[in-house]
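my_file.pdb follows; it contains PDB, C-alpha atoms.
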```
ATOM      1  CA  MET A 788       0.000   0.000   0.000
ATOM      2  CA  LEU A 789       2.802   2.401   0.881
ATOM      3  CA  LEU A 790       4.536   1.661  -2.423
ATOM      4  CA  THR A 791       1.358   2.467  -4.352
ATOM      5  CA  ALA A 792       0.888   5.630  -2.312
ATOM      6  CA  ASN A 793       4.432   6.727  -3.160
ATOM      7  CA  ILE A 794       3.781   6.228  -6.865
ATOM      8  CA  TRP A 795       0.636   8.346  -6.690
ATOM      9  CA  ALA A 796       2.478  10.892  -4.565
ATOM     10  CA  ASP A 797       5.106  11.266  -7.277
ATOM     11  CA  ILE A 798       2.378  11.719  -9.894
ATOM     12  CA  LEU A 799       0.633  14.323  -7.743
ATOM     13  CA  GLY A 800       4.005  15.929  -7.101
ATOM     14  CA  ILE A 801       4.593  16.336 -10.833
ATOM     15  CA  VAL A 802       1.145  17.911 -11.215
ATOM     16  CA  LEU A 803       1.916  20.362  -8.412
ATOM     17  CA  LEU A 804       5.243  21.245 -10.016
ATOM     18  CA  VAL A 805       3.516  21.930 -13.342
ATOM     19  CA  VAL A 806       0.950  24.135 -11.597
ATOM     20  CA  THR A 807       3.789  25.904  -9.784
ATOM     21  CA  ALA A 808       5.493  26.652 -13.111
ATOM     22  CA  ILE A 809       2.247  27.974 -14.609
ATOM     23  CA  ILE A 810       1.450  30.360 -11.738
ATOM     24  CA  PRO A 811       4.017  33.127 -12.482
ATOM     25  CA  VAL A 812       3.275  32.847 -16.205
ATOM     26  CA  TYR A 813      -0.445  33.280 -15.527
ATOM     27  CA  PHE A 814       0.048  36.388 -13.411
ATOM     28  CA  PHE A 815       2.397  37.906 -15.995
ATOM     29  CA  VAL A 816      -0.056  37.335 -18.850
ATOM     30  CA  MET A 817      -3.051  38.493 -16.807
ATOM     31  CA  ASN A 818      -1.273  41.686 -15.745
ATOM     32  CA  LEU A 819      -0.145  42.281 -19.320
ATOM     33  CA  LEU A 820      -3.627  41.842 -20.812
ATOM     34  CA  THR A 821      -5.350  43.985 -18.179
ATOM     35  CA  GLY A 822      -2.850  46.819 -18.568
ATOM     36  CA  ARG A 823      -1.696  46.554 -14.965
ATOM     37  CA  LEU A 824       1.838  45.701 -16.044
ATOM     38  CA  LYS A 825       2.214  48.944 -18.009
ATOM     39  CA  GLU A 826       0.474  51.044 -15.380
ATOM     40  CA  ARG A 827       2.584  49.735 -12.524
ATOM     41  CA  PHE A 828       6.015  49.006 -13.956
ATOM     42  CA  ILE A 829       6.256  51.451 -16.867
ATOM     43  CA  ASP A 830       4.107  54.348 -15.651
ATOM     44  CA  TYR A 831       4.963  53.368 -12.062
ATOM     45  CA  HIS A 832       1.526  54.124 -10.674
ATOM     46  CA  TRP A 833       0.606  52.022  -7.647
ATOM     47  CA  HIS A 834      -2.847  52.845  -6.320
ATOM     48  CA  PHE A 835      -2.310  51.353  -2.877
ATOM     49  CA  LEU A 836       0.451  53.873  -2.177
ATOM     50  CA  GLU A 837      -2.147  56.638  -2.331
ATOM     51  CA  SER A 838      -4.434  55.065   0.252
ATOM     52  CA  PHE A 839      -2.039  54.143   3.053
ATOM     53  CA  HIS A 840      -1.345  56.532   5.896
ATOM     54  CA  ILE A 841       1.235  54.689   7.990
ATOM     55  CA  PRO A 842       5.031  54.677   7.655
ATOM     56  CA  TRP A 843       6.941  51.834   6.060
ATOM     57  CA  ASP A 844       8.499  50.689   9.318
ATOM     58  CA  GLU A 845       5.048  50.258  10.872
ATOM     59  CA  GLU A 846       3.561  48.518   7.858
ATOM     60  CA  HIS A 847       6.540  46.147   7.625
ATOM     61  CA  PRO A 848       8.136  45.953  11.105
ATOM     62  CA  MET A 849      11.663  44.646  11.335
ATOM     63  CA  PRO A 850      10.743  41.379  13.157
ATOM     64  CA  ILE A 851       8.514  40.353  10.240
ATOM     65  CA  ARG A 852      11.165  41.320   7.720
ATOM     66  CA  ILE A 853      13.762  39.222   9.569
ATOM     67  CA  TRP A 854      11.348  36.291   9.627
ATOM     68  CA  HIS A 855      10.973  36.509   5.853
ATOM     69  CA  TRP A 856      14.732  36.723   5.327
ATOM     70  CA  ILE A 857      15.290  33.581   7.392
ATOM     71  CA  ASN A 858      12.480  31.780   5.584
ATOM     72  CA  LEU A 859      13.792  32.738   2.155
ATOM     73  CA  PHE A 860      17.214  31.199   2.702
ATOM     74  CA  ALA A 861      15.819  28.256   4.666
ATOM     75  CA  PHE A 862      13.299  27.449   1.933
ATOM     76  CA  ILE A 863      15.966  27.610  -0.778
ATOM     77  CA  PHE A 864      17.957  25.018   1.152
ATOM     78  CA  PHE A 865      14.778  23.057   1.886
ATOM     79  CA  PHE A 866      13.681  22.742  -1.713
ATOM     80  CA  PHE A 867      17.090  21.962  -3.164
ATOM     81  CA  THR A 868      18.150  19.482  -0.500
ATOM     82  CA  GLY A 869      14.656  17.996  -0.226
ATOM     83  CA  PHE A 870      14.457  17.230  -3.925
ATOM     84  CA  TYR A 871      17.941  15.757  -3.797
ATOM     85  CA  ILE A 872      17.076  13.516  -0.852
ATOM     86  CA  ARG A 873      13.969  12.319  -2.696
ATOM     87  CA  TYR A 874      15.622  12.108  -6.129
ATOM     88  CA  PRO A 875      19.448  12.107  -5.761
ATOM     89  CA  PHE A 876      20.767  13.590  -8.999
ATOM     90  CA  PHE A 877      24.495  13.379  -8.258
ATOM     91  CA  ALA A 878      26.634  10.924  -6.335
ATOM     92  CA  TYR A 879      28.049  11.129  -2.812
ATOM     93  CA  GLY A 880      25.969  14.089  -1.685
ATOM     94  CA  ARG A 881      23.342  12.506   0.526
ATOM     95  CA  ASN A 882      25.059  13.114   3.881
ATOM     96  CA  LEU A 883      25.771  16.760   3.072
ATOM     97  CA  MET A 884      22.244  17.309   1.758
ATOM     98  CA  ARG A 885      20.726  15.789   4.885
ATOM     99  CA  TYR A 886      22.897  17.990   7.091
ATOM    100  CA  LEU A 887      21.907  21.159   5.200
ATOM    101  CA  HIS A 888      18.270  20.062   5.287
ATOM    102  CA  TYR A 889      18.403  19.677   9.071
ATOM    103  CA  VAL A 890      20.079  23.074   9.518
ATOM    104  CA  ALA A 891      17.367  24.708   7.414
ATOM    105  CA  MET A 892      14.718  22.824   9.377
ATOM    106  CA  TYR A 893      15.941  24.140  12.730
ATOM    107  CA  ALA A 894      16.238  27.690  11.373
ATOM    108  CA  CYS A 895      12.768  27.667   9.821
ATOM    109  CA  PHE A 896      11.022  26.125  12.816
ATOM    110  CA  GLY A 897      12.784  28.480  15.213
ATOM    111  CA  ALA A 898      11.722  31.426  13.059
ATOM    112  CA  PHE A 899       8.158  30.094  13.017
ATOM    113  CA  ILE A 900       8.014  29.999  16.824
ATOM    114  CA  TYR A 901       9.377  33.544  16.833
ATOM    115  CA  ARG A 902       6.659  34.600  14.343
ATOM    116  CA  ILE A 903       3.864  33.155  16.487
ATOM    117  CA  TRP A 904       5.339  34.816  19.574
ATOM    118  CA  PHE A 905       5.423  38.165  17.768
ATOM    119  CA  MET A 906       1.862  37.705  16.532
ATOM    120  CA  PHE A 907       0.397  37.262  19.998
ATOM    121  CA  THR A 908       2.632  39.648  21.949
ATOM    122  CA  THR A 909       1.632  42.495  19.649
ATOM    123  CA  ASP A 910      -1.686  43.299  18.004
ATOM    124  CA  ASP A 911      -0.526  41.588  14.805
ATOM    125  CA  TYR A 912      -3.006  38.745  15.337
ATOM    126  CA  GLN A 913      -5.778  41.260  14.633
ATOM    127  CA  ASN A 914      -4.717  41.235  10.985
ATOM    128  CA  PHE A 915      -5.809  37.601  10.657
ATOM    129  CA  LYS A 916      -9.338  37.910  11.990
ATOM    130  CA  TYR A 917     -12.346  37.357   9.752
ATOM    131  CA  SER A 918     -15.674  39.158   9.867
ATOM    132  CA  ARG A 919     -18.920  39.162   7.919
ATOM    133  CA  LYS A 920     -17.555  42.092   5.912
ATOM    134  CA  ASP A 921     -15.142  39.694   4.220
ATOM    135  CA  LEU A 922     -17.836  37.697   2.436
ATOM    136  CA  PRO A 923     -18.785  40.256  -0.251
ATOM    137  CA  VAL A 924     -15.122  41.157  -0.707
ATOM    138  CA  LEU A 925     -14.252  37.519  -1.449
ATOM    139  CA  LEU A 926     -16.028  37.626  -4.807
ATOM    140  CA  GLN A 927     -14.363  40.940  -5.625
ATOM    141  CA  VAL A 928     -10.919  39.488  -4.921
ATOM    142  CA  VAL A 929     -11.580  36.426  -7.091
ATOM    143  CA  GLN A 930     -12.829  38.608  -9.944
ATOM    144  CA  TYR A 931      -9.801  40.866  -9.561
ATOM    145  CA  TYR A 932      -7.308  38.011  -9.823
ATOM    146  CA  ILE A 933      -8.952  36.588 -12.937
ATOM    147  CA  GLY A 934      -8.965  40.013 -14.569
ATOM    148  CA  LEU A 935     -12.697  40.789 -14.404
ATOM    149  CA  LYS A 936     -12.393  43.696 -11.960
ATOM    150  CA  SER A 937      -9.863  46.488 -11.798
ATOM    151  CA  HIS A 938      -9.882  46.694  -7.994
ATOM    152  CA  TYR A 939     -11.391  45.313  -4.801
ATOM    153  CA  ASP A 940     -12.304  46.914  -1.479
ATOM    154  CA  HIS A 941      -9.413  47.040   1.001
ATOM    155  CA  ILE A 942     -10.971  46.476   4.414
ATOM    156  CA  SER A 943      -7.921  45.062   6.206
ATOM    157  CA  LYS A 944      -4.166  44.730   5.880
ATOM    158  CA  TYR A 945      -4.513  41.316   4.210
ATOM    159  CA  HIS A 946      -7.388  40.552   1.889
ATOM    160  CA  VAL A 947      -9.667  37.612   2.559
ATOM    161  CA  ILE A 948      -7.797  35.015   0.460
ATOM    162  CA  GLN A 949      -4.399  36.249   1.585
ATOM    163  CA  ARG A 950      -5.358  35.856   5.234
ATOM    164  CA  GLY A 951      -6.630  32.355   4.589
ATOM    165  CA  SER A 952      -3.451  31.325   2.796
ATOM    166  CA  TYR A 953      -1.315  32.596   5.678
ATOM    167  CA  ILE A 954      -3.411  30.677   8.198
ATOM    168  CA  VAL A 955      -3.039  27.516   6.094
ATOM    169  CA  ILE A 956       0.731  28.018   5.913
ATOM    170  CA  TYR A 957       0.965  28.539   9.675
ATOM    171  CA  ALA A 958      -1.031  25.330  10.178
ATOM    172  CA  LEU A 959       1.094  23.315   7.744
ATOM    173  CA  ILE A 960       4.490  24.365   9.127
ATOM    174  CA  PRO A 961       4.113  22.365  12.394
ATOM    175  CA  ILE A 962       2.897  19.343  10.409
ATOM    176  CA  GLN A 963       5.865  19.583   8.068
ATOM    177  CA  ALA A 964       8.188  20.043  11.033
ATOM    178  CA  PHE A 965       6.777  17.028  12.869
ATOM    179  CA  THR A 966       7.026  14.739   9.843
ATOM    180  CA  GLY A 967      10.612  15.905   9.361
ATOM    181  CA  PHE A 968      11.560  15.426  13.011
ATOM    182  CA  ALA A 969       9.874  12.006  12.910
ATOM    183  CA  LEU A 970      12.347  10.949  10.228
ATOM    184  CA  VAL A 971      15.254  12.082  12.404
ATOM    185  CA  TRP A 972      13.985  10.499  15.638
ATOM    186  CA  PRO A 973      11.488   7.843  14.488
ATOM    187  CA  GLN A 974      11.598   5.690  17.606
ATOM    188  CA  ALA A 975      11.097   8.595  19.990
ATOM    189  CA  LEU A 976       8.276  10.274  18.057
ATOM    190  CA  LEU A 977       6.561   7.320  16.398
ATOM    191  CA  GLY A 978       7.299   4.295  18.544
ATOM    192  CA  PHE A 979       4.426   4.666  20.997
ATOM    193  CA  TRP A 980       1.708   4.833  18.307
ATOM    194  CA  ALA A 981       3.231   2.972  15.356
ATOM    195  CA  GLY A 982       1.571  -0.388  16.074
ATOM    196  CA  PRO A 983      -1.631   0.049  14.025
ATOM    197  CA  PHE A 984       0.470   1.276  11.077
ATOM    198  CA  GLY A 985       2.700  -1.788  10.923
ATOM    199  CA  GLY A 986       5.578  -0.595  13.062
ATOM    200  CA  VAL A 987       7.965   2.323  13.243
ATOM    201  CA  ALA A 988       9.520   1.768   9.814
ATOM    202  CA  ALA A 989       6.138   1.673   8.074
ATOM    203  CA  LEU A 990       4.849   4.758   9.878
ATOM    204  CA  ALA A 991       8.094   6.575   9.088
ATOM    205  CA  GLY A 992       7.410   5.770   5.441
ATOM    206  CA  TRP A 993       4.053   7.534   5.682
ATOM    207  CA  MET A 994       5.710  10.481   7.416
ATOM    208  CA  ARG A 995       8.194  10.703   4.542
ATOM    209  CA  LEU A 996       5.340  10.610   2.034
ATOM    210  CA  ILE A 997       3.449  13.425   3.769
ATOM    211  CA  HIS A 998       6.668  15.411   4.116
ATOM    212  CA  THR A 999       7.412  15.083   0.403
ATOM    213  CA  LEU A1000       3.933  16.156  -0.679
ATOM    214  CA  LEU A1001       3.902  19.125   1.671
ATOM    215  CA  MET A1002       7.262  20.211   0.274
ATOM    216  CA  ARG A1003       5.613  20.615  -3.123
ATOM    217  CA  VAL A1004       2.638  22.418  -1.609
ATOM    218  CA  PHE A1005       4.981  24.860   0.125
ATOM    219  CA  LEU A1006       6.847  25.417  -3.130
ATOM    220  CA  MET A1007       3.583  26.207  -4.922
ATOM    221  CA  LEU A1008       2.490  28.593  -2.159
ATOM    222  CA  ALA A1009       5.899  30.278  -2.096
ATOM    223  CA  VAL A1010       5.871  30.868  -5.858
ATOM    224  CA  THR A1011       2.302  32.193  -5.684
ATOM    225  CA  HIS A1012       3.172  34.491  -2.798
ATOM    226  CA  GLY A1013       6.290  35.740  -4.537
ATOM    227  CA  SER A1014       4.495  36.374  -7.833
ATOM    228  CA  LEU A1015       1.659  38.282  -6.184
ATOM    229  CA  SER A1016       4.082  40.280  -4.053
ATOM    230  CA  VAL A1017       5.914  41.469  -7.154
ATOM    231  CA  TYR A1018       2.880  42.222  -9.316
ATOM    232  CA  GLU A1019       0.673  43.636  -6.569
ATOM    233  CA  GLY A1020       3.148  45.325  -4.251
ATOM    234  CA  PHE A1021       6.522  45.949  -5.854
ATOM    235  CA  PRO A1022       7.098  49.162  -3.837
ATOM    236  CA  SER A1023       6.545  47.125  -0.682
ATOM    237  CA  ILE A1024       9.022  44.534  -1.958
ATOM    238  CA  LYS A1025      11.629  47.265  -2.414
ATOM    239  CA  TYR A1026      11.308  48.348   1.186
ATOM    240  CA  PHE A1027      10.659  44.927   2.667
ATOM    241  CA  TRP A1028      13.778  43.296   1.250
ATOM    242  CA  PHE A1029      16.123  46.189   0.476
ATOM    243  CA  GLY A1030      14.972  49.047   2.712
ATOM    244  CA  ILE A1031      14.215  51.320  -0.262
ATOM    245  CA  PRO A1032      11.046  53.336   0.467
ATOM    246  CA  ASP A1033       8.800  55.054  -2.045
ATOM    247  CA  PRO A1034       7.667  58.508  -0.846
ATOM    248  CA  LEU A1035       4.010  59.107  -0.034
ATOM    249  CA  PRO A1036       2.434  62.543   0.340
ATOM    250  CA  ASN A1037      -0.346  61.155   2.566
ATOM    251  CA  VAL A1038       2.004  60.176   5.388
ATOM    252  CA  HIS A1039       3.023  63.091   7.551
ATOM    253  CA  GLY A1040       5.431  63.417  10.415
ATOM    254  CA  HIS A1041       7.778  60.639   9.305
ATOM    255  CA  GLY A1042       9.364  62.140   6.242
ATOM    256  CA  ASP A1043       9.280  60.825   2.722
ATOM    257  CA  ASP A1044      11.843  58.153   3.478
ATOM    258  CA  HIS A1045       9.464  56.327   5.817
ATOM    259  CA  SER A1046       6.086  56.708   4.194
ATOM    260  CA  GLY A1047       3.628  54.355   2.642
ATOM    261  CA  GLY A1048       3.012  50.666   2.776
ATOM    262  CA  GLY A1049       1.190  47.936   0.977
ATOM    263  CA  ASP A1050      -0.830  44.938   1.987
ATOM    264  CA  HIS A1051       1.179  42.226   0.337
ATOM    265  CA  HIS A1052       3.220  40.603   3.075
TER     266      HIS A1052
END
```
Structure encoded using C-alpha cells:
Amino acid sequence: MLLTANIWADILGIVLLVVTAIIPVYFFVMNLLTGRLKERFIDYHWHFLESFHIPWDEEHPMPIRIWHWINLFAFIFFFFTGFYIRYPFFAYGRNLMRYLHYVAMYACFGAFIYRIWFMFTTDDYQNFKYSRKDLPVLLQVVQYYIGLKSHYDHISKYHVIQRGSYIVIYALIPIQAFTGFALVWPQALLGFWAGPFGGVAALAGWMRLIHTLLMRVFLMLAVTHGSLSVYEGFPSIKYFWFGIPDPLPNVHGHGDDHSGGGDHH
C-alpha cells in the first residue's frame, strides 16, 4: 500500500510542479492583458500607495522582515536538499544534503516559533481575523485576480484570500516540522503509536510521504506568494527586502523616506 501511495504521490508531485510553473506565467499574462503591467512598472503608478497613511516601518516591522529573510534562505535550502534527498541527482551528496536540510529545518522552525510569539505579543493577530464584511469582498478578490475587476475593497491589511493562505501556511508548518523530526527520531516520536500502522519503519514511510507532498505544496504557495508580491506590491518589496522606500504625500510626520506601505506581506 505504501509503495502504491508513493507512486501516486510522485504523480501528484509532478502535477503540483507543473501548476507551480504555470502560476508566475499566468500572473504575468493576466497583468499584461489587463494593462496593470504597463500602469505599474512602466508608468509606475501604484494605487495602494495613495491610500495608506502609515510609515513603512510600521507597515513592515523589522521582526517580520527578519522572519521573511530567514524563511527565504531556509526554503531555498529546503527545496534543493529535499528534492535531492527524494531524487538524488548526483553521487556522494546525501550526507551533506541531509545535514543542510536539518540546519534549514531548525532555522525555519525556530523562526516560526518567533513569528507566532510576535503575533500574539503584539496586536498583529488582529490582521488575521475574519468578519462578515469579508464575504462580499471575497467575490471581488476572485474577480480581480482573474482580470474581471480592476480593484477590490481594502478592508484590512490582508485581503480575505491572503489571510486564509497565511493561516493555512501557519497550520502546515508544524505538520511539516513534525514529519521531518519524525524521520530524524522515528523511535522517539513514532514508537508509541506505530503499532496500528505496521511498526515504526512503516509509519516513518508515511511520514516521509506526507513530508514530500507538503514540500511541493509549500513550493507552490511560495511561488504564488512571490508572484503576487511582485505584481501587486513591488514598492513594498523594495522596502521589505532592500529598505528602499517610495515617498508618499499622505504620510506626515515621518518624512518621505518612511512613508507608505502595501498589503502584500
Got a sec to resolve the PyMOL selection byres ((chain A and resi 860-876) around 8) on this structure and send the residues as JSON, numbers by chain?
-> {"A": [856, 857, 858, 859, 877, 878, 880, 881, 884, 885, 887, 888, 891, 892, 894, 895, 999, 1002, 1006]}
Excluding same-chain residues fewer than 5 positions from stretch 968-972 of chain A, what lies within 9 Å of it counting all atoms listed in the file, as a PyMOL selection string?
-> chain A and resi 889+892+963+977+991-992+994-995
Leaving out stretch 811-825 of chain A and any residue of its chain fewer than 2 positions from it, which residues lie within 12 Å of it when counting all atoms listed in the file, given as a ChimeraX atom specification?
-> /A:805-809,827-834,930-938,1007-1021
Include C-alpha atoms and write out the residues we just selected as an mmCIF file, in the frame of the given file.
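This is the output file result-v6.cif:
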```
data_model
loop_
_atom_site.group_PDB
_atom_site.id
_atom_site.type_symbol
_atom_site.label_atom_id
_atom_site.label_comp_id
_atom_site.auth_asym_id
_atom_site.auth_seq_id
_atom_site.Cartn_x
_atom_site.Cartn_y
_atom_site.Cartn_z
ATOM 1 C CA VAL A 805 3.516 21.930 -13.342
ATOM 2 C CA VAL A 806 0.950 24.135 -11.597
ATOM 3 C CA THR A 807 3.789 25.904 -9.784
ATOM 4 C CA ALA A 808 5.493 26.652 -13.111
ATOM 5 C CA ILE A 809 2.247 27.974 -14.609
ATOM 6 C CA ARG A 827 2.584 49.735 -12.524
ATOM 7 C CA PHE A 828 6.015 49.006 -13.956
ATOM 8 C CA ILE A 829 6.256 51.451 -16.867
ATOM 9 C CA ASP A 830 4.107 54.348 -15.651
ATOM 10 C CA TYR A 831 4.963 53.368 -12.062
ATOM 11 C CA HIS A 832 1.526 54.124 -10.674
ATOM 12 C CA TRP A 833 0.606 52.022 -7.647
ATOM 13 C CA HIS A 834 -2.847 52.845 -6.320
ATOM 14 C CA GLN A 930 -12.829 38.608 -9.944
ATOM 15 C CA TYR A 931 -9.801 40.866 -9.561
ATOM 16 C CA TYR A 932 -7.308 38.011 -9.823
ATOM 17 C CA ILE A 933 -8.952 36.588 -12.937
ATOM 18 C CA GLY A 934 -8.965 40.013 -14.569
ATOM 19 C CA LEU A 935 -12.697 40.789 -14.404
ATOM 20 C CA LYS A 936 -12.393 43.696 -11.960
ATOM 21 C CA SER A 937 -9.863 46.488 -11.798
ATOM 22 C CA HIS A 938 -9.882 46.694 -7.994
ATOM 23 C CA MET A 1007 3.583 26.207 -4.922
ATOM 24 C CA LEU A 1008 2.490 28.593 -2.159
ATOM 25 C CA ALA A 1009 5.899 30.278 -2.096
ATOM 26 C CA VAL A 1010 5.871 30.868 -5.858
ATOM 27 C CA THR A 1011 2.302 32.193 -5.684
ATOM 28 C CA HIS A 1012 3.172 34.491 -2.798
ATOM 29 C CA GLY A 1013 6.290 35.740 -4.537
ATOM 30 C CA SER A 1014 4.495 36.374 -7.833
ATOM 31 C CA LEU A 1015 1.659 38.282 -6.184
ATOM 32 C CA SER A 1016 4.082 40.280 -4.053
ATOM 33 C CA VAL A 1017 5.914 41.469 -7.154
ATOM 34 C CA TYR A 1018 2.880 42.222 -9.316
ATOM 35 C CA GLU A 1019 0.673 43.636 -6.569
ATOM 36 C CA GLY A 1020 3.148 45.325 -4.251
ATOM 37 C CA PHE A 1021 6.522 45.949 -5.854
#
```
Which distance in Å separates atom CA of A:Leu1000 and atom CA of A:Leu803, to one decimal?
-> 9.0 Å
Closest-contact table, stretch 965-1047 of chain A side, partner stretch 940-961 of chain A, 8 Å, counting all atoms listed in the file, as a tab-separated table:
```
residue	atom	partner	partner_atom	distance
A:Phe965	CA	A:Pro961	CA	6.0
A:Leu1001	CA	A:Leu959	CA	7.9
A:Phe1005	CA	A:Ile956	CA	7.8
```
